[in-house]
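Peer 1: Structure: protein.cif, mmCIF, C-alpha atoms.
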data_input
loop_
_atom_site.label_atom_id
_atom_site.label_comp_id
_atom_site.auth_asym_id
_atom_site.auth_seq_id
_atom_site.Cartn_x
_atom_site.Cartn_y
_atom_site.Cartn_z
CA MET A 145 -3.30 -6.51 18.46
CA PHE A 146 -0.90 -9.33 17.60
CA ALA A 147 -2.47 -9.67 14.16
CA GLY A 148 -1.83 -6.00 13.47
CA LEU A 149 1.77 -6.35 14.58
CA ALA A 150 2.27 -9.32 12.27
CA ALA A 151 0.70 -7.38 9.40
CA ALA A 152 3.08 -4.49 10.01
CA LEU A 153 6.13 -6.74 9.86
CA ARG A 154 4.91 -8.34 6.64
CA ALA A 155 4.33 -4.90 5.18
CA LEU A 156 7.88 -3.90 6.08
CA ASP A 157 9.79 -6.99 5.03
CA GLY A 158 7.39 -9.46 3.44
CA GLU A 159 7.60 -11.83 6.40
CA GLU A 160 7.22 -11.98 10.15
CA ASP A 161 10.46 -13.80 11.03
CA TRP A 162 9.89 -13.41 14.76
CA ALA A 163 13.20 -14.93 15.87
CA ARG A 164 15.07 -12.03 14.25
CA ARG A 165 12.81 -9.28 15.61
CA THR A 166 13.28 -6.81 18.44
CA ILE A 167 9.96 -5.65 19.89
CA VAL A 168 9.64 -2.95 22.54
CA ILE A 169 6.63 -3.22 24.86
CA GLN A 170 5.64 -0.20 26.91
CA GLY A 171 3.67 -1.55 29.88
CA LEU A 172 3.49 -5.10 31.21
CA GLY A 173 -0.10 -5.06 32.39
CA ARG A 174 -2.56 -7.77 31.42
CA VAL A 175 -2.35 -7.17 27.68
CA GLY A 176 1.35 -6.34 27.64
CA GLU A 177 2.13 -9.53 29.53
CA VAL A 178 0.14 -11.66 27.08
CA LEU A 179 1.96 -10.05 24.17
CA ALA A 180 5.35 -10.56 25.83
CA ARG A 181 4.63 -14.23 26.47
CA ARG A 182 3.54 -14.80 22.91
CA LEU A 183 6.54 -13.04 21.44
CA ARG A 184 9.01 -14.88 23.66
CA ALA A 185 7.39 -18.19 22.70
CA LEU A 186 8.27 -17.23 19.11
CA ASP A 187 11.87 -16.43 20.16
CA ALA A 188 11.56 -12.71 19.53
CA ARG A 189 13.79 -10.37 21.50
CA VAL A 190 11.55 -8.37 23.81
CA VAL A 191 12.59 -5.12 25.46
CA ALA A 192 10.06 -3.90 28.00
CA THR A 193 9.32 -1.16 30.48
CA GLU A 194 6.88 -1.20 33.40
CA LEU A 195 6.27 1.28 36.21
CA ASP A 196 5.60 -1.50 38.74
CA GLU A 197 9.18 -2.56 39.48
CA LYS A 198 8.21 -5.78 41.26
CA ARG A 199 6.04 -6.92 38.34
CA ALA A 200 8.72 -5.93 35.86
CA ASP A 201 11.40 -7.89 37.70
CA GLU A 202 9.21 -10.99 38.05
CA LEU A 203 8.10 -11.09 34.42
CA GLY A 204 11.53 -10.12 33.20
CA ALA A 205 13.14 -13.04 35.02
CA GLU A 206 10.42 -15.52 34.03
CA LEU A 207 10.26 -14.63 30.34
CA GLY A 208 13.77 -13.44 29.65
CA LEU A 209 12.81 -9.85 28.92
CA GLU A 210 15.30 -7.00 28.64
CA LEU A 211 14.06 -4.28 30.96
CA VAL A 212 14.75 -0.58 30.46
CA GLU A 213 13.89 2.43 32.59
CA PRO A 214 10.45 3.92 31.92
CA GLY A 215 10.82 6.84 29.56
CA THR A 216 13.82 5.41 27.72
CA GLU A 217 11.87 2.90 25.62
CA PHE A 218 11.50 5.41 22.78
CA ASP A 219 15.28 5.42 22.31
CA VAL A 220 15.62 1.66 21.72
CA ALA A 221 16.23 0.63 18.11
CA CYS A 222 13.59 -1.96 17.28
CA ASP A 223 11.34 -3.41 14.62
CA ALA A 224 8.17 -2.40 16.44
CA PHE A 225 7.17 -0.25 19.38
CA CYS A 226 4.06 -1.53 21.19
CA PRO A 227 2.40 0.96 23.56
CA CYS A 228 0.35 -1.16 25.95
CA ALA A 229 -0.20 1.27 28.82
CA MET A 230 -1.29 4.90 28.67
CA GLY A 231 -2.80 6.80 25.76
CA GLY A 232 -1.43 10.00 24.31
CA ILE A 233 2.20 8.95 24.59
CA LEU A 234 3.13 9.60 20.95
CA HIS A 235 3.59 13.33 20.52
CA ASP A 236 6.10 15.71 18.97
CA LEU A 237 8.90 14.95 21.44
CA THR A 238 8.53 11.17 21.67
CA ILE A 239 7.99 10.66 17.93
CA GLN A 240 11.20 12.58 17.29
CA ARG A 241 13.03 10.18 19.60
CA LEU A 242 11.32 7.01 18.39
CA ARG A 243 13.71 4.50 16.80
CA ALA A 244 11.09 1.92 15.81
CA ARG A 245 10.25 0.91 12.26
CA ALA A 246 6.61 0.34 13.17
CA VAL A 247 4.12 1.16 15.92
CA CYS A 248 1.31 -1.18 16.94
CA GLY A 249 -0.04 -1.40 20.46
CA ALA A 250 -2.95 -2.17 22.73
CA ALA A 251 -3.16 1.26 24.36
CA ASN A 252 -6.23 3.25 23.36
CA ASN A 253 -5.53 6.58 21.63
CA PRO A 254 -1.73 6.33 21.69
CA LEU A 255 -1.50 9.45 19.51
CA ALA A 256 -1.62 12.69 21.49
CA HIS A 257 -3.31 14.36 18.50
CA GLY A 258 -4.55 13.23 15.10
CA ARG A 259 -1.70 15.05 13.38
CA HIS A 260 0.78 12.72 15.03
CA GLY A 261 -0.36 9.94 12.72
CA GLU A 262 0.86 12.17 9.89
CA ARG A 263 4.10 12.82 11.75
CA LEU A 264 4.80 9.10 11.99
CA HIS A 265 4.14 8.82 8.26
CA GLU A 266 6.57 11.66 7.58
CA ARG A 267 9.23 9.82 9.55
CA GLU A 268 8.45 6.62 7.60
CA ILE A 269 7.39 4.80 10.75
CA LEU A 270 4.61 2.37 9.89
CA TYR A 271 1.62 2.87 12.17
CA VAL A 272 -1.18 0.36 12.71
CA PRO A 273 -4.05 2.56 13.98
CA ASP A 274 -5.40 1.61 17.37
CA ILE A 275 -8.96 1.47 15.99
CA VAL A 276 -7.73 -1.45 13.88
CA ALA A 277 -5.27 -3.11 16.25
CA ASN A 278 -7.75 -3.05 19.16
CA ALA A 279 -10.92 -3.97 17.29
CA GLY A 280 -11.05 -7.58 18.48
CA ALA A 281 -13.56 -7.07 21.28
CA VAL A 282 -15.76 -4.90 19.06
CA LEU A 283 -15.68 -7.49 16.29
CA ALA A 284 -16.52 -10.29 18.72
CA GLY A 285 -19.39 -8.32 20.28
CA ALA A 286 -20.85 -7.22 16.96
CA SER A 287 -20.74 -10.74 15.59
CA PHE A 288 -22.45 -12.19 18.64
CA HIS A 289 -25.08 -9.45 18.67
CA GLY A 290 -25.81 -9.94 14.98
CA SER A 291 -25.82 -13.72 14.76
CA GLY A 292 -25.84 -15.02 18.31
CA VAL A 293 -22.65 -16.94 17.55
CA ALA A 294 -19.32 -16.08 19.11
CA LEU A 295 -16.43 -15.94 16.66
CA PRO A 296 -13.45 -18.15 17.59
CA PRO A 297 -10.37 -16.14 18.62
CA ALA A 298 -8.45 -17.48 15.62
CA GLU A 299 -11.11 -16.15 13.25
CA ILE A 300 -11.13 -12.76 14.96
CA GLU A 301 -7.36 -12.58 14.62
CA ARG A 302 -7.53 -13.56 10.95
CA ARG A 303 -10.08 -10.85 10.18
CA LEU A 304 -8.11 -8.20 12.04
CA GLY A 305 -4.95 -9.25 10.23
CA ASP A 306 -6.73 -8.97 6.88
CA LEU A 307 -8.06 -5.52 7.80
CA ALA A 308 -4.68 -4.27 8.98
CA THR A 309 -3.05 -5.59 5.81
CA TRP A 310 -5.64 -3.79 3.65
CA ILE A 311 -5.14 -0.53 5.56
CA LEU A 312 -1.36 -0.68 5.20
CA ARG A 313 -1.44 -1.63 1.53
CA THR A 314 -3.92 1.13 0.73
CA ALA A 315 -1.83 3.66 2.62
CA LYS A 316 1.29 2.66 0.70
CA ARG A 317 -0.47 2.69 -2.68
CA GLU A 318 -2.02 6.12 -2.12
CA ASP A 319 0.94 7.54 -0.16
CA LEU A 320 -1.28 8.35 2.79
CA SER A 321 -0.78 7.71 6.47
CA PRO A 322 -2.44 4.51 7.72
CA ALA A 323 -4.17 6.65 10.35
CA ARG A 324 -5.87 8.70 7.64
CA VAL A 325 -6.85 5.63 5.62
CA ALA A 326 -8.34 3.94 8.68
CA HIS A 327 -10.40 6.98 9.66
CA GLN A 328 -11.60 7.55 6.10
CA GLU A 329 -12.72 3.94 5.91
CA ALA A 330 -14.45 4.16 9.30
CA GLU A 331 -16.31 7.31 8.22
CA ALA A 332 -17.33 5.72 4.92
CA ARG A 333 -18.74 2.68 6.70
CA LEU A 334 -20.67 4.87 9.14
CA ARG A 335 -22.15 6.86 6.25
CA ARG A 336 -23.27 3.66 4.54
CA ARG A 337 -24.87 2.45 7.75
CA ARG A 338 -26.72 5.75 8.21
CA VAL A 339 -28.02 5.64 4.64
CA MET A 340 -29.27 2.09 5.14
CA ALA A 341 -30.91 3.02 8.45
CA GLU A 342 -32.74 5.96 6.85
CA ARG A 343 -34.24 3.93 4.05
CA PRO A 344 -37.92 3.09 4.61
CA ASN A 345 -38.73 -0.54 5.09
CA THR A 346 -40.32 -1.81 1.92
CA SER A 347 -41.64 -5.20 1.07
CA PRO A 348 -40.60 -6.75 -2.21
CA GLU A 349 -43.13 -6.50 -4.98
CA PRO A 350 -45.21 -9.65 -5.48
CA VAL A 351 -44.08 -11.88 -8.27
CA ARG A 352 -46.32 -11.36 -11.29
CA THR A 353 -47.35 -14.44 -13.19
#
What is this structure when it is put down as structure tokens?
Peer 2:
Amino acid sequence: MFAGLAAALRALDGEEDWARRTIVIQGLGRVGEVLARRLRALDARVVATELDEKRADELGAELGLELVEPGTEFDVACDAFCPCAMGGILHDLTIQRLRARAVCGAANNPLAHGRHGERLHEREILYVPDIVANAGAVLAGASFHGSGVALPPAEIERRLGDLATWILRTAKREDLSPARVAHQEAEARLRRRRVMAERPNTSPEPVRT
């Protein structure tokens, strides 16, 4: 997910510049905590919300997080909003309130409906689709299954960053929402795989001398 977030910031401003960023994290569970730690290590300002008050207070004090009441995180002006808890939290009402320039999170299916990817695009809020931001485990598993070799985390992050960058650039060039570009690309890849799977196995013709 971090690679997608970095790609979004580069797409917005041409650089990451973490020390000047405000990032809102919704949910300080396992993934949200890791993200918060990484961002604070880069001197980013982190505003966070968490339903578990004890956990929120402990992590807030340890990491220097700015805590806000759950439900108010949509109203915080920020560079990026990172949903790292429940899915379906971006809908008509919350998108209207959202004051982020970009959305990239670890929550699965953060959009309540597919049309909300278009709504973010209409509001000029850059969205890194969850099927891209959260593809690390899939990429690692597919690589290991195909080659028997586990990809290093740094290589997984590089590949995800490249993919996110391509999605965002394509969306900008074609004036489409990143959500639409990502799903079109996923469907195209699945079609290619199906075509390959349906082809009969044939042996190459012998070399004629």
Peer 1: What would the selection look like, as number ranges by chain, if the PyMOL selection byres ((chain A and resi 304-312) around 9) were run on the coordinates I just shared?
Peer 2: A: 145-152, 154-155, 270-273, 276-280, 283, 299-303, 313-317, 321-323, 325-326, 329
Peer 1: Once you count all atoms listed in the file, what closest atom pair and distance in Å to one decimal does each residue of region 205-254 of chain A within 9 Å of region 161-176 of chain A have, with rows by chain and rising residue number, as JSON lines?
Peer 2:
{"residue": "A:Pro214", "atom": "CA", "partner": "A:Gln170", "partner_atom": "CA", "distance": 8.1}
{"residue": "A:Glu217", "atom": "CA", "partner": "A:Val168", "partner_atom": "CA", "distance": 7.0}
{"residue": "A:Phe218", "atom": "CA", "partner": "A:Val168", "partner_atom": "CA", "distance": 8.6}
{"residue": "A:Val220", "atom": "CA", "partner": "A:Val168", "partner_atom": "CA", "distance": 7.6}
{"residue": "A:Ala221", "atom": "CA", "partner": "A:Thr166", "partner_atom": "CA", "distance": 8.0}
{"residue": "A:Cys222", "atom": "CA", "partner": "A:Thr166", "partner_atom": "CA", "distance": 5.0}
{"residue": "A:Asp223", "atom": "CA", "partner": "A:Thr166", "partner_atom": "CA", "distance": 5.5}
{"residue": "A:Ala224", "atom": "CA", "partner": "A:Ile167", "partner_atom": "CA", "distance": 5.1}
{"residue": "A:Phe225", "atom": "CA", "partner": "A:Val168", "partner_atom": "CA", "distance": 4.8}
{"residue": "A:Cys226", "atom": "CA", "partner": "A:Ile169", "partner_atom": "CA", "distance": 4.8}
{"residue": "A:Pro227", "atom": "CA", "partner": "A:Gln170", "partner_atom": "CA", "distance": 4.8}
{"residue": "A:Cys228", "atom": "CA", "partner": "A:Gly171", "partner_atom": "CA", "distance": 5.2}
{"residue": "A:Ala229", "atom": "CA", "partner": "A:Gly171", "partner_atom": "CA", "distance": 4.9}
{"residue": "A:Met230", "atom": "CA", "partner": "A:Gly171", "partner_atom": "CA", "distance": 8.2}
{"residue": "A:Ala244", "atom": "CA", "partner": "A:Val168", "partner_atom": "CA", "distance": 8.4}
{"residue": "A:Gly249", "atom": "CA", "partner": "A:Ile169", "partner_atom": "CA", "distance": 8.2}
{"residue": "A:Ala250", "atom": "CA", "partner": "A:Val175", "partner_atom": "CA", "distance": 7.1}
Peer 1: Considering all atoms listed in the file, state which residue in the set A:Leu195, A:Ile239, A:Leu334, A:Ile275 is at the smallest distance from Arg259 (chain A).
Peer 2: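 Nearest candidate to Arg259 (chain A) out of A:Leu195, A:Ile239, A:Leu334, A:Ile275: A:Ile239.
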Peer 1: What gap, in Å, lies between CA of Asn252 (chain A) and CA of Gly232 (chain A)?
Peer 2: 8.3 Å
Peer 1: Which is closer to Leu209 (chain A) than all the others in A:Glu262, A:Glu342, A:Asp319, A:Glu177, using all atoms listed in the file?
Peer 2: A:Glu177
Peer 1: Rounded to one decimal, what separation in Å do you get between CA of His257 (chain A) and CA of Asp236 (chain A)?
Peer 2: 9.5 Å
Peer 1: Find the residues near Gly204 (chain A): any atom within 10 Å, counting only C-alpha atoms, skip ones fewer than 4 places away on the same chain, and give them as JSON, numbers by chain.
Peer 2: {"A": [172, 180, 190, 191, 192, 193, 198, 199, 200, 208, 209, 210, 211]}
Peer 1: Just how far from CA of Ile269 (chain A) is CA of Leu156 (chain A), in Å to one decimal?
Peer 2: 9.9 Å
Peer 1: Carefully work through the PyMOL selection byres ((chain A and resi 254) around 7) for this structure and note down the residues it includes, as a count of residues only.
Peer 2: 9
Peer 1: Determine, counting all atoms listed in the file, every residue of protein, DNA or RNA that lies within 12 Å of (13.7, 8.2, 8.6) in the file coordinates, then give the result as a list in words.
Peer 2: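 Within the cut-off we find Ile239, Gln240, Arg241, Leu242, Arg243, Ala244, Arg245, Ala246, Arg263, Leu264, His265, Glu266, Arg267, Glu268, Ile269 and Leu270 of chain A.
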